Amino acid sequence: MSAPTGDIGLIGLAVMGQNLILNMNDKGFNVVCYNRTTSKVDAFLANEAKGTKVQGSHSIQELCSKLKTPRKIILLVKAGPAVDDFIKQLEPYLEKGDIVIDGGNSHYPDSIRRTHELEAKGLLFVGSGVSGGEEGARHGPSLMPGGSPAAWPSIKEIFQKTAAQVNGEPCCDWVGETGAGHYVKMVHNGIEYGDMQLIAEAYDILHRGLGLPEDEIADIFYKWNTGVLDSFLIDITANILKFKDDDGEPLVSKILDQAGQKGTGKWTAINALDAGMPVTLIGEAVFARCLSAIKAERTRASKVISGPQKEAFRGDKQQFIDDLEQALYASKIISYTQGFMLMRETAKELKWNLNYAGIAQMWRGGCIIKSVFLGDITAAYQKNGQLESLLFDDFFNKAVHKAQPGWRRIIAQAVLWGIPTPAFSTALAFFDGYRSEIVPANILQAQRDYFGAHTFKVLPGKENPRLKAGEDIHVNWTGRGGNVSASSYSA
Ligand code: 6PG
């Protein structure tokens with residue numbers, strides 16, 4: 001038998017798998033592919049992969065036999081049990097040091113588990129975020145690999161050459177141990193939900209508020225795409241708004257207003273709640289999709305609940321559109337601030353040494369949230385890798401101050417119109433809370449102590465013999481309850 005020539009194997013010939021294979025082939029790597037339905041392998045080789053160096057295989061054993069060691073095999077199959085199933089099938093044909101790479105949208109706790117399970121067997125595991133859809137996979141995705149650190153030197157060249165490049169830098173670097181790659185991809189997707197919701201709200205304000213037709217809104221978005229909002233999602237939204245159905249009507253005006261979701265945004269929101277981090281914008285973006293989904297109920301409500309009388313806009317239209325651009329920009333800054341706060345917290349808890357400048361660079365190109373803005377985030381973390389919050393960085397601090405007046409005017413106007421802006425509004429509420437030394441949690445603490453003797457601590461500077469610094473204090477608010485605090489009870 002001839003010596004194996006495959007640089008990397010790939011299992012799963014759906015759209016993403018096929019495009020990633022052709023991309024890796026273009027970059028000079030010899031790829032061996034396999035698919036459970038093997039006729040797909042033959043069809044792929046006879047059509048899309050015709051004339052390339054791509055090799056096919058009709059069994060897992062054949063796939064493994066065609067790969068140079070240490071074997072590297074990417075799984076691009078449905079996240080969940082299918083990943084474990086393929087790993088099990090691969091194991092008998094793998095040797096110590098071989099690398100299994102999961103490129104699906106797996107939940108990061110699964111990737112943590114899989115890293116430990118494979119390492120215990122002498123194998124290496126990589127859970128890699130892959131973003132950018134079909135187009136990205138074909139011409140350069142954003143790749144976010146994490147898992148067994150020992151795997152990185154062996155896959156680095158393939159991954160970095162296959163990934164998108166921005167200013168000569170690959171949108172791919174080692175993210176961290178165990179589930180760090182899939183974790184960062186999960187947060188990417190949460191941020192993706194937030195960016196999409198913000199754009200949808202901006203469209204709603206321009207369409208229902210200002211009464212602009214789709215074509216004009218598209219032109220506004222194209223203009224925004226030359227400034228601070230320059231990004232893939234703004235660009236495709238402008239294209240979407242320009243797209244006409246056969247009868248000349250904008251196609252978007254015929255799409256049912258019910259959003260789907262596969263769960264990665266929800267995972268981010270759940271993770272934020274578990275971590276106790278105020279990642280409010282992603283949360284609202286997920287809930288906005290949930291509210292959109294109850295269409296029948298909204299339709300019934302629309303018949304019996306009315307809002308304010310719509311008044312024609314009398315202000316300066318161009319000023320309003322400029323304000324909206326700033327509102328979107330400021331809200332985006334808050335969303336990314338929150339996303340990076342969440343990553344920092346999880347990294348602390350799971351002892352991952354995340355490179356935040358590297359993550360921003362990985363998202364700078366290739367992926368769904370790619371934007372010029374991420375270049376500024378990369379610069380902020382390059383200046384200070386341990387930046388507590390993007391709002392402490394000079395560039396973003398100035399940007400958010402500049403945007404603030406317009407941001408407030410937009411939300412105020414939307415409220416008067418009765419147009420919901422959950423993402424814009426929660427961003428501003430977070431901003432106002434974050435910059436407040438004093439928030440009304442004193443009332444919450446007093447209420448908790450009043451009804452349940454849950455105790456409170458004294459505000460520094462207000463200590464006295466009854467209110468001692470650092471102590472858990474319970475006050476008998478009514479003169480009726482006892483003096484026993486809830487926390488002092490033990491069964
Ligand atoms: C990407 C995307 C992708 C995601 C879709 C759909 O980075 O290429 O994040 O991974 O699956 O955007 O997600 P929803 O169905 O949850 O909207």
# chains A, B, ... in the order shown; residues from 1 in each chain; ligands from 1
call {"tool": "residues_around", "arguments": {"residues": "stretch 225-231 of chain A", "least_positions_apart": "5", "cutoff": "12 Å", "atoms": "only C-alpha atoms", "output": "JSON, numbers by chain"}}
result
{"A": [192, 195, 196, 198, 199, 218, 219, 220, 236, 237, 238, 239, 322, 324, 325, 326, 327, 328, 329, 330, 331, 332, 333, 363, 364, 365, 366, 367, 368, 369, 370, 371, 372, 373, 374, 375, 376, 396, 399, 403]}
call {"tool": "residues_near_ligand", "arguments": {"ligand": "ligand 1", "cutoff": "9 Å", "atoms": "only C-alpha atoms and all ligand atoms", "output": "PDB file with C-alpha atoms, in the first residue's frame"}}
result
ATOM      1  CA  GLY A 104     -19.775  22.406  14.239  1.00  0.00           C
ATOM      2  CA  ASN A 105     -21.714  24.774  16.489  1.00  0.00           C
ATOM      3  CA  GLY A 129     -15.747  27.799  15.997  1.00  0.00           C
ATOM      4  CA  VAL A 130     -16.215  28.204  12.249  1.00  0.00           C
ATOM      5  CA  SER A 131     -18.053  31.304  11.127  1.00  0.00           C
ATOM      6  CA  GLY A 132     -18.885  32.943   7.852  1.00  0.00           C
ATOM      7  CA  GLY A 133     -21.494  30.701   6.289  1.00  0.00           C
ATOM      8  CA  GLU A 134     -21.035  29.159   2.883  1.00  0.00           C
ATOM      9  CA  GLY A 136     -16.729  32.251   4.385  1.00  0.00           C
ATOM     10  CA  ALA A 137     -16.062  28.518   4.316  1.00  0.00           C
ATOM     11  CA  PRO A 141     -13.847  31.804   7.362  1.00  0.00           C
ATOM     12  CA  SER A 142     -13.128  33.030  10.835  1.00  0.00           C
ATOM     13  CA  LYS A 185     -17.944  31.080  18.920  1.00  0.00           C
ATOM     14  CA  MET A 186     -21.026  30.981  21.152  1.00  0.00           C
ATOM     15  CA  HIS A 188     -19.787  35.527  18.665  1.00  0.00           C
ATOM     16  CA  ASN A 189     -23.233  34.185  17.831  1.00  0.00           C
ATOM     17  CA  GLY A 190     -24.814  36.024  20.762  1.00  0.00           C
ATOM     18  CA  GLU A 192     -24.464  38.344  16.023  1.00  0.00           C
ATOM     19  CA  TYR A 193     -28.032  38.201  17.433  1.00  0.00           C
ATOM     20  CA  ALA A 259     -37.669  34.894  13.654  1.00  0.00           C
ATOM     21  CA  GLY A 260     -36.169  31.451  14.010  1.00  0.00           C
ATOM     22  CA  GLN A 261     -33.202  30.542  16.201  1.00  0.00           C
ATOM     23  CA  LYS A 262     -31.058  27.474  16.641  1.00  0.00           C
ATOM     24  CA  GLY A 263     -30.018  28.216  20.208  1.00  0.00           C
ATOM     25  CA  THR A 264     -26.527  29.700  20.288  1.00  0.00           C
ATOM     26  CA  GLY A 265     -27.859  33.173  21.236  1.00  0.00           C
ATOM     27  CA  LYS A 266     -29.934  31.586  23.969  1.00  0.00           C
ATOM     28  CA  GLY A 366     -14.479  36.043   7.638  1.00  0.00           C
ATOM     29  CA  CYS A 367     -17.366  35.836  10.079  1.00  0.00           C
ATOM     30  CA  ILE A 368     -20.926  37.135  10.232  1.00  0.00           C
ATOM     31  CA  ILE A 369     -20.067  40.007  12.610  1.00  0.00           C
TER      32      ILE A 369
END
call {"tool": "atom_distance", "arguments": {"atom1": "atom CA of A:Asn397", "atom2": "atom CA of A:Gln382"}}
result
16.2 Å
call {"tool": "residues_around", "arguments": {"residues": "A:Gly179", "least_positions_apart": "6", "cutoff": "10 Å", "atoms": "only C-alpha atoms", "output": "list in words"}}
result
Ser106, His107, Tyr108, Pro109, Asp110, Ser111, Ile112, Arg113, Arg114, Thr115, Phe125, Val126, Gly127, Ser128, Pro145, Gly146, Gly147, Ser148, Leu350 and Trp352 of chain A
call {"tool": "atom_distance", "arguments": {"atom1": "atom CA of A:Glu471", "atom2": "atom CA of A:Val458"}}
result
7.7 Å
call {"tool": "residues_around", "arguments": {"residues": "A:Arg480", "least_positions_apart": "4", "cutoff": "12 Å", "atoms": "only C-alpha atoms", "output": "list in words"}}
result
Tyr450, Phe451, Val475, Asn476 and Val484 of chain A
call {"tool": "write_last_selection", "arguments": {"atoms": "N, CA, C and O atoms", "output": "PDB file, in the first residue's frame"}}
result
ATOM      1  N   TYR A 450     -36.489  43.699  55.076  1.00  0.00           N
ATOM      2  CA  TYR A 450     -37.799  43.965  55.682  1.00  0.00           C
ATOM      3  C   TYR A 450     -38.662  42.701  55.646  1.00  0.00           C
ATOM      4  O   TYR A 450     -39.195  42.267  56.650  1.00  0.00           O
ATOM      5  N   PHE A 451     -38.795  42.080  54.452  1.00  0.00           N
ATOM      6  CA  PHE A 451     -39.741  40.955  54.365  1.00  0.00           C
ATOM      7  C   PHE A 451     -39.121  39.605  54.671  1.00  0.00           C
ATOM      8  O   PHE A 451     -39.832  38.657  54.968  1.00  0.00           O
ATOM      9  N   VAL A 475     -32.237  44.799  60.526  1.00  0.00           N
ATOM     10  CA  VAL A 475     -32.949  45.801  61.313  1.00  0.00           C
ATOM     11  C   VAL A 475     -34.375  45.303  61.515  1.00  0.00           C
ATOM     12  O   VAL A 475     -34.968  44.730  60.600  1.00  0.00           O
ATOM     13  N   ASN A 476     -34.899  45.535  62.683  1.00  0.00           N
ATOM     14  CA  ASN A 476     -36.287  45.184  62.956  1.00  0.00           C
ATOM     15  C   ASN A 476     -37.154  46.352  62.461  1.00  0.00           C
ATOM     16  O   ASN A 476     -37.429  47.287  63.196  1.00  0.00           O
ATOM     17  N   VAL A 484     -33.653  37.877  64.392  1.00  0.00           N
ATOM     18  CA  VAL A 484     -32.847  36.846  63.751  1.00  0.00           C
ATOM     19  C   VAL A 484     -32.813  37.077  62.244  1.00  0.00           C
ATOM     20  O   VAL A 484     -33.847  37.202  61.604  1.00  0.00           O
TER      21      VAL A 484
END
call {"tool": "atom_distance", "arguments": {"atom1": "atom CA of A:Ile282", "atom2": "atom CA of A:Gly194"}}
result
5.1 Å
call {"tool": "closest_residue", "arguments": {"among": "A:Phe456, A:Ala202, A:Gly209, A:Thr478", "to": "A:Ala423", "atoms": "only C-alpha atoms"}}
result
A:Ala202
call {"tool": "residues_around", "arguments": {"residues": "A:Gln89", "least_positions_apart": "3", "cutoff": "12 Å", "atoms": "only C-alpha atoms", "output": "number ranges by chain"}}
result
A: 11, 36, 59-61, 63-64, 75, 82-86, 92-94, 100
call {"tool": "write_last_selection", "arguments": {"atoms": "all heavy atoms", "output": "compact mmCIF listing (two decimals), in the first residue's frame"}}
result
# COMPACT_ATOMS: atom_id res chain seq x y z
N ILE A 11 -15.04 15.04 7.64
CA ILE A 11 -16.25 14.22 7.62
C ILE A 11 -17.46 15.13 7.59
O ILE A 11 -17.59 16.03 8.43
CB ILE A 11 -16.30 13.31 8.88
CG1 ILE A 11 -15.12 12.33 8.88
CG2 ILE A 11 -17.64 12.57 8.96
CD1 ILE A 11 -15.05 11.44 10.11
N ARG A 36 -21.24 9.96 5.58
CA ARG A 36 -21.97 8.73 5.95
C ARG A 36 -22.68 8.12 4.73
O ARG A 36 -22.60 6.93 4.50
CB ARG A 36 -22.98 9.06 7.07
CG ARG A 36 -23.40 7.85 7.86
CD ARG A 36 -24.65 8.10 8.66
NE ARG A 36 -24.51 9.20 9.62
CZ ARG A 36 -24.37 9.03 10.93
NH1 ARG A 36 -24.30 7.84 11.44
NH2 ARG A 36 -24.27 10.07 11.72
N SER A 59 -15.12 4.64 3.77
CA SER A 59 -15.28 4.17 5.15
C SER A 59 -14.36 5.00 6.04
O SER A 59 -13.41 5.63 5.55
CB SER A 59 -14.90 2.69 5.27
OG SER A 59 -13.50 2.56 5.05
N ILE A 60 -14.67 4.95 7.32
CA ILE A 60 -13.85 5.67 8.29
C ILE A 60 -12.42 5.09 8.26
O ILE A 60 -11.44 5.83 8.33
CB ILE A 60 -14.45 5.52 9.71
CG1 ILE A 60 -15.84 6.20 9.76
CG2 ILE A 60 -13.52 6.00 10.78
CD1 ILE A 60 -15.85 7.65 10.06
N GLN A 61 -12.35 3.78 8.14
CA GLN A 61 -11.04 3.12 8.11
C GLN A 61 -10.21 3.63 6.92
O GLN A 61 -9.02 3.96 7.07
CB GLN A 61 -11.23 1.61 8.01
CG GLN A 61 -9.92 0.86 8.01
CD GLN A 61 -10.11 -0.64 8.08
OE1 GLN A 61 -11.21 -1.16 7.83
NE2 GLN A 61 -9.05 -1.36 8.44
N LEU A 63 -10.60 6.43 5.31
CA LEU A 63 -10.26 7.84 5.56
C LEU A 63 -8.98 7.92 6.40
O LEU A 63 -8.02 8.61 6.05
CB LEU A 63 -11.43 8.53 6.30
CG LEU A 63 -11.14 9.90 6.90
CD1 LEU A 63 -11.18 10.98 5.82
CD2 LEU A 63 -12.17 10.26 7.98
N CYS A 64 -8.97 7.17 7.51
CA CYS A 64 -7.83 7.24 8.43
C CYS A 64 -6.55 6.71 7.76
O CYS A 64 -5.45 7.22 8.01
CB CYS A 64 -8.12 6.48 9.72
SG CYS A 64 -9.44 7.26 10.66
N LEU A 75 -14.61 17.25 11.89
CA LEU A 75 -16.01 16.81 11.81
C LEU A 75 -16.86 18.03 11.53
O LEU A 75 -16.83 19.01 12.29
CB LEU A 75 -16.45 16.21 13.15
CG LEU A 75 -15.75 14.94 13.61
CD1 LEU A 75 -16.16 14.62 15.05
CD2 LEU A 75 -16.14 13.79 12.70
N ALA A 82 -24.35 13.25 17.15
CA ALA A 82 -23.63 12.82 15.93
C ALA A 82 -22.11 12.99 16.11
O ALA A 82 -21.33 12.19 15.58
CB ALA A 82 -24.12 13.60 14.73
N VAL A 83 -21.70 14.01 16.84
CA VAL A 83 -20.26 14.26 17.04
C VAL A 83 -19.66 13.11 17.86
O VAL A 83 -18.64 12.52 17.48
CB VAL A 83 -20.03 15.63 17.74
CG1 VAL A 83 -18.55 15.85 18.03
CG2 VAL A 83 -20.60 16.77 16.89
N ASP A 84 -20.35 12.76 18.96
CA ASP A 84 -19.84 11.66 19.80
C ASP A 84 -19.84 10.35 19.03
O ASP A 84 -18.93 9.53 19.17
CB ASP A 84 -20.71 11.52 21.06
CG ASP A 84 -20.53 12.72 21.98
OD1 ASP A 84 -19.37 13.04 22.31
OD2 ASP A 84 -21.53 13.35 22.34
N ASP A 85 -20.86 10.18 18.21
CA ASP A 85 -20.99 8.96 17.43
C ASP A 85 -19.79 8.81 16.46
O ASP A 85 -19.17 7.74 16.39
CB ASP A 85 -22.32 9.05 16.66
CG ASP A 85 -22.63 7.77 15.95
OD1 ASP A 85 -22.46 6.73 16.58
OD2 ASP A 85 -23.02 7.83 14.76
N PHE A 86 -19.45 9.89 15.76
CA PHE A 86 -18.31 9.81 14.83
C PHE A 86 -16.99 9.63 15.58
O PHE A 86 -16.11 8.91 15.12
CB PHE A 86 -18.27 11.05 13.92
CG PHE A 86 -19.11 10.89 12.69
CD1 PHE A 86 -20.26 11.63 12.50
CD2 PHE A 86 -18.76 9.96 11.71
CE1 PHE A 86 -21.04 11.46 11.37
CE2 PHE A 86 -19.54 9.78 10.57
CZ PHE A 86 -20.69 10.53 10.40
N PRO A 92 -11.08 3.50 16.89
CA PRO A 92 -10.29 2.28 16.62
C PRO A 92 -9.19 2.50 15.58
O PRO A 92 -8.23 1.71 15.52
CB PRO A 92 -11.33 1.29 16.08
CG PRO A 92 -12.67 1.85 16.42
CD PRO A 92 -12.51 3.31 16.61
N TYR A 93 -9.32 3.51 14.74
CA TYR A 93 -8.33 3.71 13.66
C TYR A 93 -7.36 4.84 13.95
O TYR A 93 -6.56 5.22 13.10
CB TYR A 93 -9.08 3.98 12.34
CG TYR A 93 -10.12 2.93 12.05
CD1 TYR A 93 -11.48 3.21 12.19
CD2 TYR A 93 -9.73 1.64 11.69
CE1 TYR A 93 -12.43 2.22 11.97
CE2 TYR A 93 -10.68 0.65 11.47
CZ TYR A 93 -12.03 0.95 11.61
OH TYR A 93 -12.95 -0.03 11.40
N LEU A 94 -7.44 5.41 15.13
CA LEU A 94 -6.54 6.51 15.48
C LEU A 94 -5.41 6.03 16.36
O LEU A 94 -5.53 5.04 17.06
CB LEU A 94 -7.33 7.62 16.19
CG LEU A 94 -8.47 8.27 15.37
CD1 LEU A 94 -9.16 9.35 16.20
CD2 LEU A 94 -7.94 8.86 14.06
N VAL A 100 -8.72 15.02 16.67
CA VAL A 100 -10.10 15.10 16.19
C VAL A 100 -10.56 16.55 16.38
O VAL A 100 -10.44 17.11 17.47
CB VAL A 100 -11.03 14.15 16.98
CG1 VAL A 100 -12.47 14.28 16.48
CG2 VAL A 100 -10.55 12.71 16.85
call {"tool": "select_by_dssp", "arguments": {"residues": "stretch 20-80 of chain A", "states": "helix (DSSP H, G or I)", "output": "ChimeraX atom specification"}}
result
/A:20-26,39-46,60-65
call {"tool": "write_last_selection", "arguments": {"atoms": "C-alpha atoms", "output": "mmCIF file, in the first residue's frame"}}
result
data_model
loop_
_atom_site.group_PDB
_atom_site.id
_atom_site.type_symbol
_atom_site.label_atom_id
_atom_site.label_comp_id
_atom_site.auth_asym_id
_atom_site.auth_seq_id
_atom_site.Cartn_x
_atom_site.Cartn_y
_atom_site.Cartn_z
ATOM 1 C CA LEU A 20 -14.166 24.231 3.478
ATOM 2 C CA ILE A 21 -12.580 21.309 1.611
ATOM 3 C CA LEU A 22 -12.321 23.330 -1.626
ATOM 4 C CA ASN A 23 -10.861 26.247 0.331
ATOM 5 C CA MET A 24 -8.209 24.041 1.984
ATOM 6 C CA ASN A 25 -7.440 22.475 -1.390
ATOM 7 C CA ASP A 26 -6.915 25.963 -2.892
ATOM 8 C CA SER A 39 -22.696 8.367 -2.755
ATOM 9 C CA LYS A 40 -22.234 12.012 -1.716
ATOM 10 C CA VAL A 41 -18.462 11.459 -1.723
ATOM 11 C CA ASP A 42 -18.551 10.196 -5.317
ATOM 12 C CA ALA A 43 -20.870 13.000 -6.430
ATOM 13 C CA PHE A 44 -18.627 15.614 -4.809
ATOM 14 C CA LEU A 45 -15.490 14.211 -6.461
ATOM 15 C CA ALA A 46 -17.225 14.028 -9.841
ATOM 16 C CA ILE A 60 -13.847 5.672 8.290
ATOM 17 C CA GLN A 61 -11.040 3.122 8.110
ATOM 18 C CA GLU A 62 -10.165 4.172 4.551
ATOM 19 C CA LEU A 63 -10.262 7.840 5.563
ATOM 20 C CA CYS A 64 -7.827 7.236 8.427
ATOM 21 C CA SER A 65 -5.528 5.091 6.287
#
call {"tool": "closest_residue", "arguments": {"among": "A:Gly339, A:Gly479, A:Pro278, A:Pro70", "to": "A:Ala360", "atoms": "only C-alpha atoms"}}
result
A:Gly339
call {"tool": "closest_residue", "arguments": {"among": "A:Phe232, A:Trp477, A:Trp152, A:Phe221", "to": "A:Gly176", "atoms": "only C-alpha atoms"}}
result
A:Trp152
